[in-house]
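> So here's coords23.pdb, just PDB, C-alpha atoms:
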```pdb
ATOM      1  CA  MET A1036       7.510  15.741 -20.776
ATOM      2  CA  SER A1037       8.667  14.626 -17.320
ATOM      3  CA  THR A1038       8.418  11.295 -15.544
ATOM      4  CA  VAL A1039       7.024  11.217 -12.005
ATOM      5  CA  LEU A1040       6.592   8.385  -9.533
ATOM      6  CA  TYR A1041       3.305   7.746  -7.746
ATOM      7  CA  PRO A1042       4.119   5.256  -4.964
ATOM      8  CA  GLY A1043       1.778   3.404  -2.656
ATOM      9  CA  SER A1044       0.648   0.016  -1.477
ATOM     10  CA  PHE A1045      -2.636   0.367  -3.419
ATOM     11  CA  ASP A1046      -4.305  -2.491  -1.533
ATOM     12  CA  PRO A1047      -6.674  -1.976  -3.263
ATOM     13  CA  PHE A1048      -6.362   0.730  -5.921
ATOM     14  CA  HIS A1049      -9.429   2.996  -5.776
ATOM     15  CA  LEU A1050     -10.995   5.892  -7.683
ATOM     16  CA  GLY A1051      -9.141   8.464  -5.571
ATOM     17  CA  HIS A1052      -5.863   6.864  -6.664
ATOM     18  CA  LEU A1053      -7.016   6.875 -10.283
ATOM     19  CA  ASP A1054      -7.909  10.567  -9.980
ATOM     20  CA  VAL A1055      -4.360  11.358  -8.812
ATOM     21  CA  VAL A1056      -2.870   9.341 -11.702
ATOM     22  CA  GLU A1057      -5.065  11.179 -14.224
ATOM     23  CA  GLN A1058      -4.096  14.572 -12.772
ATOM     24  CA  ALA A1059      -0.408  13.646 -12.733
ATOM     25  CA  THR A1060      -0.473  12.628 -16.415
ATOM     26  CA  ALA A1061      -2.061  15.974 -17.293
ATOM     27  CA  LEU A1062       0.559  17.878 -15.291
ATOM     28  CA  PHE A1063       3.728  15.916 -16.014
ATOM     29  CA  GLY A1064       3.172  13.467 -18.874
ATOM     30  CA  GLU A1065       4.723  10.154 -17.837
ATOM     31  CA  VAL A1066       3.605   8.493 -14.598
ATOM     32  CA  VAL A1067       5.120   5.382 -13.086
ATOM     33  CA  VAL A1068       2.711   3.911 -10.557
ATOM     34  CA  ALA A1069       4.935   2.178  -8.033
ATOM     35  CA  VAL A1070       3.361  -0.658  -6.099
ATOM     36  CA  MET A1071       5.594  -0.667  -3.066
ATOM     37  CA  HIS A1072       6.103  -3.892  -1.172
ATOM     38  CA  ASN A1073       8.235  -5.244   1.602
ATOM     39  CA  PRO A1074       9.290  -8.813   0.782
ATOM     40  CA  ASP A1075       9.601  -9.526   4.518
ATOM     41  CA  LYS A1076       5.940  -8.726   5.226
ATOM     42  CA  PRO A1077       2.689 -10.399   4.133
ATOM     43  CA  SER A1078       1.334  -9.086   0.846
ATOM     44  CA  GLY A1079      -2.060  -7.888   2.099
ATOM     45  CA  VAL A1080      -5.489  -8.635   0.675
ATOM     46  CA  LEU A1081      -4.246  -8.592  -2.917
ATOM     47  CA  SER A1082      -0.846  -9.894  -3.936
ATOM     48  CA  THR A1083       1.653  -7.485  -5.422
ATOM     49  CA  ASP A1084       1.191  -9.085  -8.852
ATOM     50  CA  GLN A1085      -2.597  -8.737  -8.571
ATOM     51  CA  ARG A1086      -2.245  -5.061  -7.651
ATOM     52  CA  VAL A1087       0.047  -4.393 -10.617
ATOM     53  CA  SER A1088      -2.378  -6.165 -12.951
ATOM     54  CA  LEU A1089      -5.477  -4.400 -11.583
ATOM     55  CA  ILE A1090      -3.859  -0.956 -11.687
ATOM     56  CA  SER A1091      -2.680  -1.597 -15.251
ATOM     57  CA  ALA A1092      -6.237  -2.522 -16.249
ATOM     58  CA  SER A1093      -7.644   0.504 -14.423
ATOM     59  CA  CYS A1094      -5.201   2.869 -16.163
ATOM     60  CA  SER A1095      -5.392   1.275 -19.622
ATOM     61  CA  HIS A1096      -6.996   4.455 -21.009
ATOM     62  CA  LEU A1097      -3.849   6.416 -20.091
ATOM     63  CA  PRO A1098      -1.044   5.614 -22.555
ATOM     64  CA  ASN A1099       1.639   7.439 -20.550
ATOM     65  CA  VAL A1100       1.181   5.349 -17.406
ATOM     66  CA  SER A1101       3.238   2.306 -16.482
ATOM     67  CA  VAL A1102       2.839   0.164 -13.387
ATOM     68  CA  ARG A1103       5.671  -1.659 -11.644
ATOM     69  CA  SER A1104       6.368  -3.127  -8.251
ATOM     70  CA  PHE A1105       9.329  -1.991  -6.180
ATOM     71  CA  PRO A1106      10.782  -3.263  -2.899
ATOM     72  CA  GLY A1107      12.328  -0.867  -0.429
ATOM     73  CA  LEU A1108      12.092   2.896  -0.344
ATOM     74  CA  ALA A1109      10.018   5.093  -2.644
ATOM     75  CA  VAL A1110      12.992   7.426  -3.096
ATOM     76  CA  ASP A1111      15.047   4.527  -4.469
ATOM     77  CA  ALA A1112      12.236   3.696  -6.890
ATOM     78  CA  ALA A1113      12.049   7.369  -7.941
ATOM     79  CA  LEU A1114      15.784   7.499  -8.565
ATOM     80  CA  SER A1115      15.683   4.211 -10.517
ATOM     81  CA  VAL A1116      13.155   5.603 -13.023
ATOM     82  CA  ASN A1117      14.763   9.065 -13.142
ATOM     83  CA  ALA A1118      11.590  10.648 -11.794
ATOM     84  CA  LEU A1119      11.414  14.421 -11.560
ATOM     85  CA  CYS A1120       9.545  13.994  -8.279
ATOM     86  CA  ILE A1121       7.235  11.830  -6.217
ATOM     87  CA  VAL A1122       3.521  12.599  -6.578
ATOM     88  CA  LYS A1123       1.270  12.109  -3.577
ATOM     89  CA  GLY A1124      -2.489  12.543  -3.361
ATOM     90  CA  LEU A1125      -4.122  14.523  -0.577
ATOM     91  CA  ARG A1126      -7.662  13.994   0.682
ATOM     92  CA  THR A1127      -7.641  15.831   3.985
ATOM     93  CA  SER A1128      -5.452  18.025   6.158
ATOM     94  CA  GLY A1129      -4.472  14.861   8.032
ATOM     95  CA  ASP A1130      -2.986  13.469   4.822
ATOM     96  CA  PHE A1131      -0.987  16.690   4.456
ATOM     97  CA  GLU A1132       0.588  16.297   7.902
ATOM     98  CA  VAL A1133       1.778  12.754   7.165
ATOM     99  CA  GLU A1134       2.893  13.468   3.600
ATOM    100  CA  GLN A1135       4.745  16.663   4.546
ATOM    101  CA  GLN A1136       6.902  14.818   7.067
ATOM    102  CA  MET A1137       7.589  12.083   4.512
ATOM    103  CA  ALA A1138       8.413  14.649   1.815
ATOM    104  CA  HIS A1139      10.951  16.400   4.038
ATOM    105  CA  THR A1140      12.521  13.061   4.922
ATOM    106  CA  ASN A1141      12.697  11.958   1.275
ATOM    107  CA  PHE A1142      14.379  15.209   0.307
ATOM    108  CA  ALA A1143      16.847  15.016   3.213
ATOM    109  CA  VAL A1144      17.743  11.392   2.445
ATOM    110  CA  ALA A1145      17.872  11.399  -1.359
ATOM    111  CA  GLY A1146      17.185  14.899  -2.692
ATOM    112  CA  VAL A1147      13.861  13.715  -4.148
ATOM    113  CA  ARG A1148      11.104  16.313  -4.076
ATOM    114  CA  SER A1149       7.392  15.646  -3.609
ATOM    115  CA  VAL A1150       4.407  17.297  -5.265
ATOM    116  CA  TYR A1151       0.939  17.061  -3.777
ATOM    117  CA  VAL A1152      -2.166  16.630  -5.885
ATOM    118  CA  PRO A1153      -5.491  17.167  -4.140
ATOM    119  CA  CYS A1154      -8.058  14.578  -5.100
ATOM    120  CA  GLN A1155     -11.461  15.681  -6.284
ATOM    121  CA  PRO A1156     -13.823  16.309  -3.344
ATOM    122  CA  ARG A1157     -16.049  13.416  -4.355
ATOM    123  CA  PHE A1158     -13.169  11.042  -3.514
ATOM    124  CA  SER A1159     -12.105  12.665  -0.237
ATOM    125  CA  PHE A1160     -13.661   9.903   1.878
ATOM    126  CA  VAL A1161     -12.393   6.935  -0.135
ATOM    127  CA  SER A1162      -9.873   4.804   1.729
ATOM    128  CA  SER A1163      -8.295   1.448   0.895
ATOM    129  CA  ARG A1164      -8.695   0.394   4.522
ATOM    130  CA  PHE A1165     -12.458   1.024   4.453
ATOM    131  CA  ILE A1166     -12.795  -0.636   1.052
ATOM    132  CA  ARG A1167     -11.038  -3.775   2.340
ATOM    133  CA  ASP A1168     -13.318  -3.872   5.385
ATOM    134  CA  ILE A1169     -16.516  -3.372   3.380
ATOM    135  CA  ALA A1170     -15.513  -5.961   0.766
ATOM    136  CA  ALA A1171     -14.480  -8.479   3.441
ATOM    137  CA  HIS A1172     -17.987  -8.238   4.875
ATOM    138  CA  GLY A1173     -19.615  -8.746   1.485
ATOM    139  CA  GLY A1174     -20.476  -5.098   0.891
ATOM    140  CA  ASP A1175     -20.617  -3.389  -2.487
ATOM    141  CA  VAL A1176     -17.541  -1.247  -3.178
ATOM    142  CA  SER A1177     -18.205  -0.698  -6.876
ATOM    143  CA  SER A1178     -18.804   3.050  -6.410
ATOM    144  CA  MET A1179     -15.314   3.510  -4.928
ATOM    145  CA  VAL A1180     -13.063   1.358  -7.123
ATOM    146  CA  PRO A1181     -12.488   0.757 -10.837
ATOM    147  CA  SER A1182     -14.538  -2.139 -12.236
ATOM    148  CA  ALA A1183     -11.544  -4.501 -12.481
ATOM    149  CA  VAL A1184     -10.844  -3.997  -8.769
ATOM    150  CA  SER A1185     -14.518  -4.406  -7.866
ATOM    151  CA  ASP A1186     -14.644  -7.707  -9.741
ATOM    152  CA  ALA A1187     -11.445  -8.947  -8.084
ATOM    153  CA  LEU A1188     -12.664  -8.073  -4.594
ATOM    154  CA  ALA A1189     -16.071  -9.642  -5.243
ATOM    155  CA  SER A1190     -14.377 -12.886  -6.254
ATOM    156  CA  LEU A1191     -12.181 -12.836  -3.123
ATOM    157  CA  PHE A1192     -14.974 -12.345  -0.620
ATOM    158  CA  SER A1193     -18.294 -14.098  -0.306
ATOM    159  CA  PRO A1194     -21.509 -12.035  -0.493
ATOM    160  CA  ARG A1195     -22.897 -10.695   2.745
ATOM    161  CA  SER A1196     -25.160 -13.200   4.446
ATOM    162  CA  LYS A1197     -28.721 -11.988   4.752
TER     163      LYS A1197
END
```
Give the structure from this file in structure tokens form.

Amino acid sequence: MSTVLYPGSFDPFHLGHLDVVEQATALFGEVVVAVMHNPDKPSGVLSTDQRVSLISASCSHLPNVSVRSFPGLAVDAALSVNALCIVKGLRTSGDFEVEQQMAHTNFAVAGVRSVYVPCQPRFSFVSSRFIRDIAAHGGDVSSMVPSAVSDALASLFSPRSK
């Protein structure tokens, strides 16, 4: 059984992310979900601690998943947990272009390889950016995020005014 790192900002964690975690556990065994943060930048809609807590709750049915926050580079986080590789989810060909450049850079800088996991088609449109926007305007995001995340976002934002 190998350990892999699944890095991201996860602001917020959504069902597409969960799909990638579930696939990675089936393929590799141990998955460390790495909530990446830059201490010099604002934390986003959800704090780093909130993200770690919500991802942990969302992945509680997966015993081989741990969730931790890391500052700095994903390759440094991967090396710190002795990860076989970095796992990245792909939704569209546009994701591939961005992730391929990052994968080549990560390998050149630290010798860390990347493996791509395509998300299920039903999650191909799900985006943290859209979820934040919908939730901020009082919309219902419960079909795109785990229930713990939906509850947290609902408590952060007031319902849409009618």
> Kindly assemble as JSON lines a list of the region 1100-1169 of chain A residues that lie within 7 Å of region 1036-1049 of chain A, each paired with its nearest atom pair and their distance in Å to one decimal, using only C-alpha atoms, sorted first by chain and then by ascending residue number.

```
{"residue": "A:Ala1109", "atom": "CA", "partner": "A:Pro1042", "partner_atom": "CA", "distance": 6.3}
{"residue": "A:Ala1113", "atom": "CA", "partner": "A:Leu1040", "partner_atom": "CA", "distance": 5.8}
{"residue": "A:Ala1118", "atom": "CA", "partner": "A:Val1039", "partner_atom": "CA", "distance": 4.6}
{"residue": "A:Leu1119", "atom": "CA", "partner": "A:Val1039", "partner_atom": "CA", "distance": 5.5}
{"residue": "A:Cys1120", "atom": "CA", "partner": "A:Val1039", "partner_atom": "CA", "distance": 5.3}
{"residue": "A:Ile1121", "atom": "CA", "partner": "A:Leu1040", "partner_atom": "CA", "distance": 4.8}
{"residue": "A:Val1122", "atom": "CA", "partner": "A:Tyr1041", "partner_atom": "CA", "distance": 5.0}
{"residue": "A:Lys1123", "atom": "CA", "partner": "A:Tyr1041", "partner_atom": "CA", "distance": 6.4}
{"residue": "A:Ser1163", "atom": "CA", "partner": "A:Pro1047", "partner_atom": "CA", "distance": 5.6}
```
> Edge lengths and centre in Å to one decimal, as AutoDock Vina command-line options, is what I'm after for the box along x, y and z that holds all listed atoms of region 1158-1165 of chain A once 5 Å is added on each side.

```
--center_x -11.0 --center_y 6.5 --center_z 0.5 --size_x 15.4 --size_y 22.3 --size_z 18.0
```
> Tell me which of A:Ser1101, A:Ser1178, A:Ser1082, A:Gln1155 sits closest to Thr1127 (chain A), counting only C-alpha atoms.
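With only C-alpha atoms as the atom set, the closest residue is A:Gln1155.
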> Counting only C-alpha atoms, note down every residue that has an atom within 9 Å of the point (2.8, 7.1, -21.0) (file coordinates), as a ChimeraX atom specification.
/A:1038,1060,1064-1067,1097-1101
> Please compute the CA of Thr1083 (chain A)-CA of Leu1188 (chain A) distance, one decimal, in Å.
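Those two atoms sit 14.4 Å apart.
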> Would you be able to write out as a list in words which residues have an atom within 8 Å of (3.6, -3.4, -7.3) in the file's coordinates, counting only C-alpha atoms?
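Selection result: Ser1044, Ala1069, Val1070, Met1071, His1072, Thr1083, Asp1084, Arg1086, Val1087, Val1102, Arg1103, Ser1104 and Phe1105 of chain A.
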> Could you jot down the CA of Phe1192 (chain A) to CA of Ser1177 (chain A) separation for me, Å, one decimal place?
13.6 Å
> So which residues get picked by the PyMOL selection byres ((chain A and resi 1165-1172) around 10) here, written as a PyMOL selection string?
chain A and resi 1046-1049+1079-1081+1160-1164+1173-1177+1179-1180+1185+1188-1196
> Using all atoms listed in the file, which residue out of A:Val1055, A:Val1147, A:Leu1089, A:Leu1062 lies closest to Pro1181 (chain A)?
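When distances to Pro1181 (chain A) are compared using all atoms listed in the file, the smallest one comes from A:Leu1089.
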> When you draw a straight line from CA of Ala1183 (chain A) to CA of Ser1093 (chain A), how long is it in Å?
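Between CA of Ala1183 (chain A) and CA of Ser1093 (chain A) the gap is 6.6 Å.
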> Report as a PyMOL selection string the full result of the PyMOL selection byres ((chain A and resi 1134-1146) around 9) when it is applied to this structure.
chain A and resi 1109-1111+1114+1121+1123-1125+1129-1133+1147-1151
> Can I get region 1059-1093 of chain A with N, CA and C atoms filled in, as a PDB file, in the coordinates of the input?

```pdb
ATOM      1  N   ALA A1059      -1.864  13.653 -12.550  1.00  0.00           N
ATOM      2  CA  ALA A1059      -0.408  13.646 -12.733  1.00  0.00           C
ATOM      3  C   ALA A1059      -0.031  13.526 -14.207  1.00  0.00           C
ATOM      4  N   THR A1060      -0.789  12.726 -14.974  1.00  0.00           N
ATOM      5  CA  THR A1060      -0.473  12.628 -16.415  1.00  0.00           C
ATOM      6  C   THR A1060      -0.719  13.955 -17.109  1.00  0.00           C
ATOM      7  N   ALA A1061      -1.770  14.671 -16.693  1.00  0.00           N
ATOM      8  CA  ALA A1061      -2.061  15.974 -17.293  1.00  0.00           C
ATOM      9  C   ALA A1061      -0.981  17.001 -16.942  1.00  0.00           C
ATOM     10  N   LEU A1062      -0.443  16.914 -15.740  1.00  0.00           N
ATOM     11  CA  LEU A1062       0.559  17.878 -15.291  1.00  0.00           C
ATOM     12  C   LEU A1062       1.967  17.557 -15.767  1.00  0.00           C
ATOM     13  N   PHE A1063       2.333  16.281 -15.777  1.00  0.00           N
ATOM     14  CA  PHE A1063       3.728  15.916 -16.014  1.00  0.00           C
ATOM     15  C   PHE A1063       3.968  15.084 -17.258  1.00  0.00           C
ATOM     16  N   GLY A1064       2.984  14.309 -17.698  1.00  0.00           N
ATOM     17  CA  GLY A1064       3.172  13.467 -18.874  1.00  0.00           C
ATOM     18  C   GLY A1064       3.282  12.001 -18.518  1.00  0.00           C
ATOM     19  N   GLU A1065       4.478  11.566 -18.135  1.00  0.00           N
ATOM     20  CA  GLU A1065       4.723  10.154 -17.837  1.00  0.00           C
ATOM     21  C   GLU A1065       4.554   9.897 -16.339  1.00  0.00           C
ATOM     22  N   VAL A1066       3.795   8.868 -15.998  1.00  0.00           N
ATOM     23  CA  VAL A1066       3.605   8.493 -14.598  1.00  0.00           C
ATOM     24  C   VAL A1066       3.955   7.025 -14.423  1.00  0.00           C
ATOM     25  N   VAL A1067       4.827   6.757 -13.490  1.00  0.00           N
ATOM     26  CA  VAL A1067       5.120   5.382 -13.086  1.00  0.00           C
ATOM     27  C   VAL A1067       4.387   5.165 -11.764  1.00  0.00           C
ATOM     28  N   VAL A1068       3.398   4.287 -11.784  1.00  0.00           N
ATOM     29  CA  VAL A1068       2.711   3.911 -10.557  1.00  0.00           C
ATOM     30  C   VAL A1068       3.546   2.812  -9.925  1.00  0.00           C
ATOM     31  N   ALA A1069       4.028   3.093  -8.718  1.00  0.00           N
ATOM     32  CA  ALA A1069       4.935   2.178  -8.033  1.00  0.00           C
ATOM     33  C   ALA A1069       4.200   1.454  -6.923  1.00  0.00           C
ATOM     34  N   VAL A1070       3.956   0.173  -7.140  1.00  0.00           N
ATOM     35  CA  VAL A1070       3.361  -0.658  -6.099  1.00  0.00           C
ATOM     36  C   VAL A1070       4.503  -1.054  -5.175  1.00  0.00           C
ATOM     37  N   MET A1071       4.512  -0.438  -4.018  1.00  0.00           N
ATOM     38  CA  MET A1071       5.594  -0.667  -3.066  1.00  0.00           C
ATOM     39  C   MET A1071       5.280  -1.903  -2.234  1.00  0.00           C
ATOM     40  N   HIS A1072       6.304  -2.705  -1.990  1.00  0.00           N
ATOM     41  CA  HIS A1072       6.103  -3.892  -1.172  1.00  0.00           C
ATOM     42  C   HIS A1072       7.360  -4.195  -0.374  1.00  0.00           C
ATOM     43  N   ASN A1073       7.136  -4.792   0.752  1.00  0.00           N
ATOM     44  CA  ASN A1073       8.235  -5.244   1.602  1.00  0.00           C
ATOM     45  C   ASN A1073       8.241  -6.762   1.543  1.00  0.00           C
ATOM     46  N   PRO A1074       9.257  -7.355   0.934  1.00  0.00           N
ATOM     47  CA  PRO A1074       9.290  -8.813   0.782  1.00  0.00           C
ATOM     48  C   PRO A1074       9.257  -9.570   2.113  1.00  0.00           C
ATOM     49  N   ASP A1075       9.586  -8.883   3.209  1.00  0.00           N
ATOM     50  CA  ASP A1075       9.601  -9.526   4.518  1.00  0.00           C
ATOM     51  C   ASP A1075       8.248  -9.491   5.219  1.00  0.00           C
ATOM     52  N   LYS A1076       7.265  -8.832   4.616  1.00  0.00           N
ATOM     53  CA  LYS A1076       5.940  -8.726   5.226  1.00  0.00           C
ATOM     54  C   LYS A1076       4.900  -9.408   4.350  1.00  0.00           C
ATOM     55  N   PRO A1077       3.770  -9.810   4.937  1.00  0.00           N
ATOM     56  CA  PRO A1077       2.689 -10.399   4.133  1.00  0.00           C
ATOM     57  C   PRO A1077       2.220  -9.404   3.071  1.00  0.00           C
ATOM     58  N   SER A1078       1.676  -9.937   1.985  1.00  0.00           N
ATOM     59  CA  SER A1078       1.334  -9.086   0.846  1.00  0.00           C
ATOM     60  C   SER A1078       0.050  -8.289   1.009  1.00  0.00           C
ATOM     61  N   GLY A1079      -0.808  -8.617   1.953  1.00  0.00           N
ATOM     62  CA  GLY A1079      -2.060  -7.888   2.099  1.00  0.00           C
ATOM     63  C   GLY A1079      -3.208  -8.667   1.496  1.00  0.00           C
ATOM     64  N   VAL A1080      -4.301  -7.982   1.236  1.00  0.00           N
ATOM     65  CA  VAL A1080      -5.489  -8.635   0.675  1.00  0.00           C
ATOM     66  C   VAL A1080      -5.210  -9.107  -0.750  1.00  0.00           C
ATOM     67  N   LEU A1081      -4.593  -8.251  -1.532  1.00  0.00           N
ATOM     68  CA  LEU A1081      -4.246  -8.592  -2.917  1.00  0.00           C
ATOM     69  C   LEU A1081      -2.734  -8.746  -3.010  1.00  0.00           C
ATOM     70  N   SER A1082      -2.288  -9.720  -3.762  1.00  0.00           N
ATOM     71  CA  SER A1082      -0.846  -9.894  -3.936  1.00  0.00           C
ATOM     72  C   SER A1082      -0.290  -8.713  -4.734  1.00  0.00           C
ATOM     73  N   THR A1083       1.005  -8.553  -4.664  1.00  0.00           N
ATOM     74  CA  THR A1083       1.653  -7.485  -5.422  1.00  0.00           C
ATOM     75  C   THR A1083       1.367  -7.640  -6.910  1.00  0.00           C
ATOM     76  N   ASP A1084       1.466  -8.857  -7.426  1.00  0.00           N
ATOM     77  CA  ASP A1084       1.191  -9.085  -8.852  1.00  0.00           C
ATOM     78  C   ASP A1084      -0.249  -8.740  -9.210  1.00  0.00           C
ATOM     79  N   GLN A1085      -1.197  -9.088  -8.323  1.00  0.00           N
ATOM     80  CA  GLN A1085      -2.597  -8.737  -8.571  1.00  0.00           C
ATOM     81  C   GLN A1085      -2.774  -7.225  -8.611  1.00  0.00           C
ATOM     82  N   ARG A1086      -2.134  -6.520  -7.683  1.00  0.00           N
ATOM     83  CA  ARG A1086      -2.245  -5.061  -7.651  1.00  0.00           C
ATOM     84  C   ARG A1086      -1.698  -4.445  -8.933  1.00  0.00           C
ATOM     85  N   VAL A1087      -0.537  -4.913  -9.374  1.00  0.00           N
ATOM     86  CA  VAL A1087       0.047  -4.393 -10.617  1.00  0.00           C
ATOM     87  C   VAL A1087      -0.914  -4.629 -11.778  1.00  0.00           C
ATOM     88  N   SER A1088      -1.461  -5.826 -11.867  1.00  0.00           N
ATOM     89  CA  SER A1088      -2.378  -6.165 -12.951  1.00  0.00           C
ATOM     90  C   SER A1088      -3.655  -5.317 -12.903  1.00  0.00           C
ATOM     91  N   LEU A1089      -4.231  -5.166 -11.714  1.00  0.00           N
ATOM     92  CA  LEU A1089      -5.477  -4.400 -11.583  1.00  0.00           C
ATOM     93  C   LEU A1089      -5.264  -2.914 -11.847  1.00  0.00           C
ATOM     94  N   ILE A1090      -4.147  -2.369 -11.404  1.00  0.00           N
ATOM     95  CA  ILE A1090      -3.859  -0.956 -11.687  1.00  0.00           C
ATOM     96  C   ILE A1090      -3.622  -0.762 -13.172  1.00  0.00           C
ATOM     97  N   SER A1091      -2.900  -1.682 -13.794  1.00  0.00           N
ATOM     98  CA  SER A1091      -2.680  -1.597 -15.251  1.00  0.00           C
ATOM     99  C   SER A1091      -4.004  -1.599 -15.994  1.00  0.00           C
ATOM    100  N   ALA A1092      -4.921  -2.478 -15.607  1.00  0.00           N
ATOM    101  CA  ALA A1092      -6.237  -2.522 -16.249  1.00  0.00           C
ATOM    102  C   ALA A1092      -7.007  -1.233 -15.993  1.00  0.00           C
ATOM    103  N   SER A1093      -6.910  -0.703 -14.783  1.00  0.00           N
ATOM    104  CA  SER A1093      -7.644   0.504 -14.423  1.00  0.00           C
ATOM    105  C   SER A1093      -7.104   1.745 -15.121  1.00  0.00           C
TER     106      SER A1093
END
```
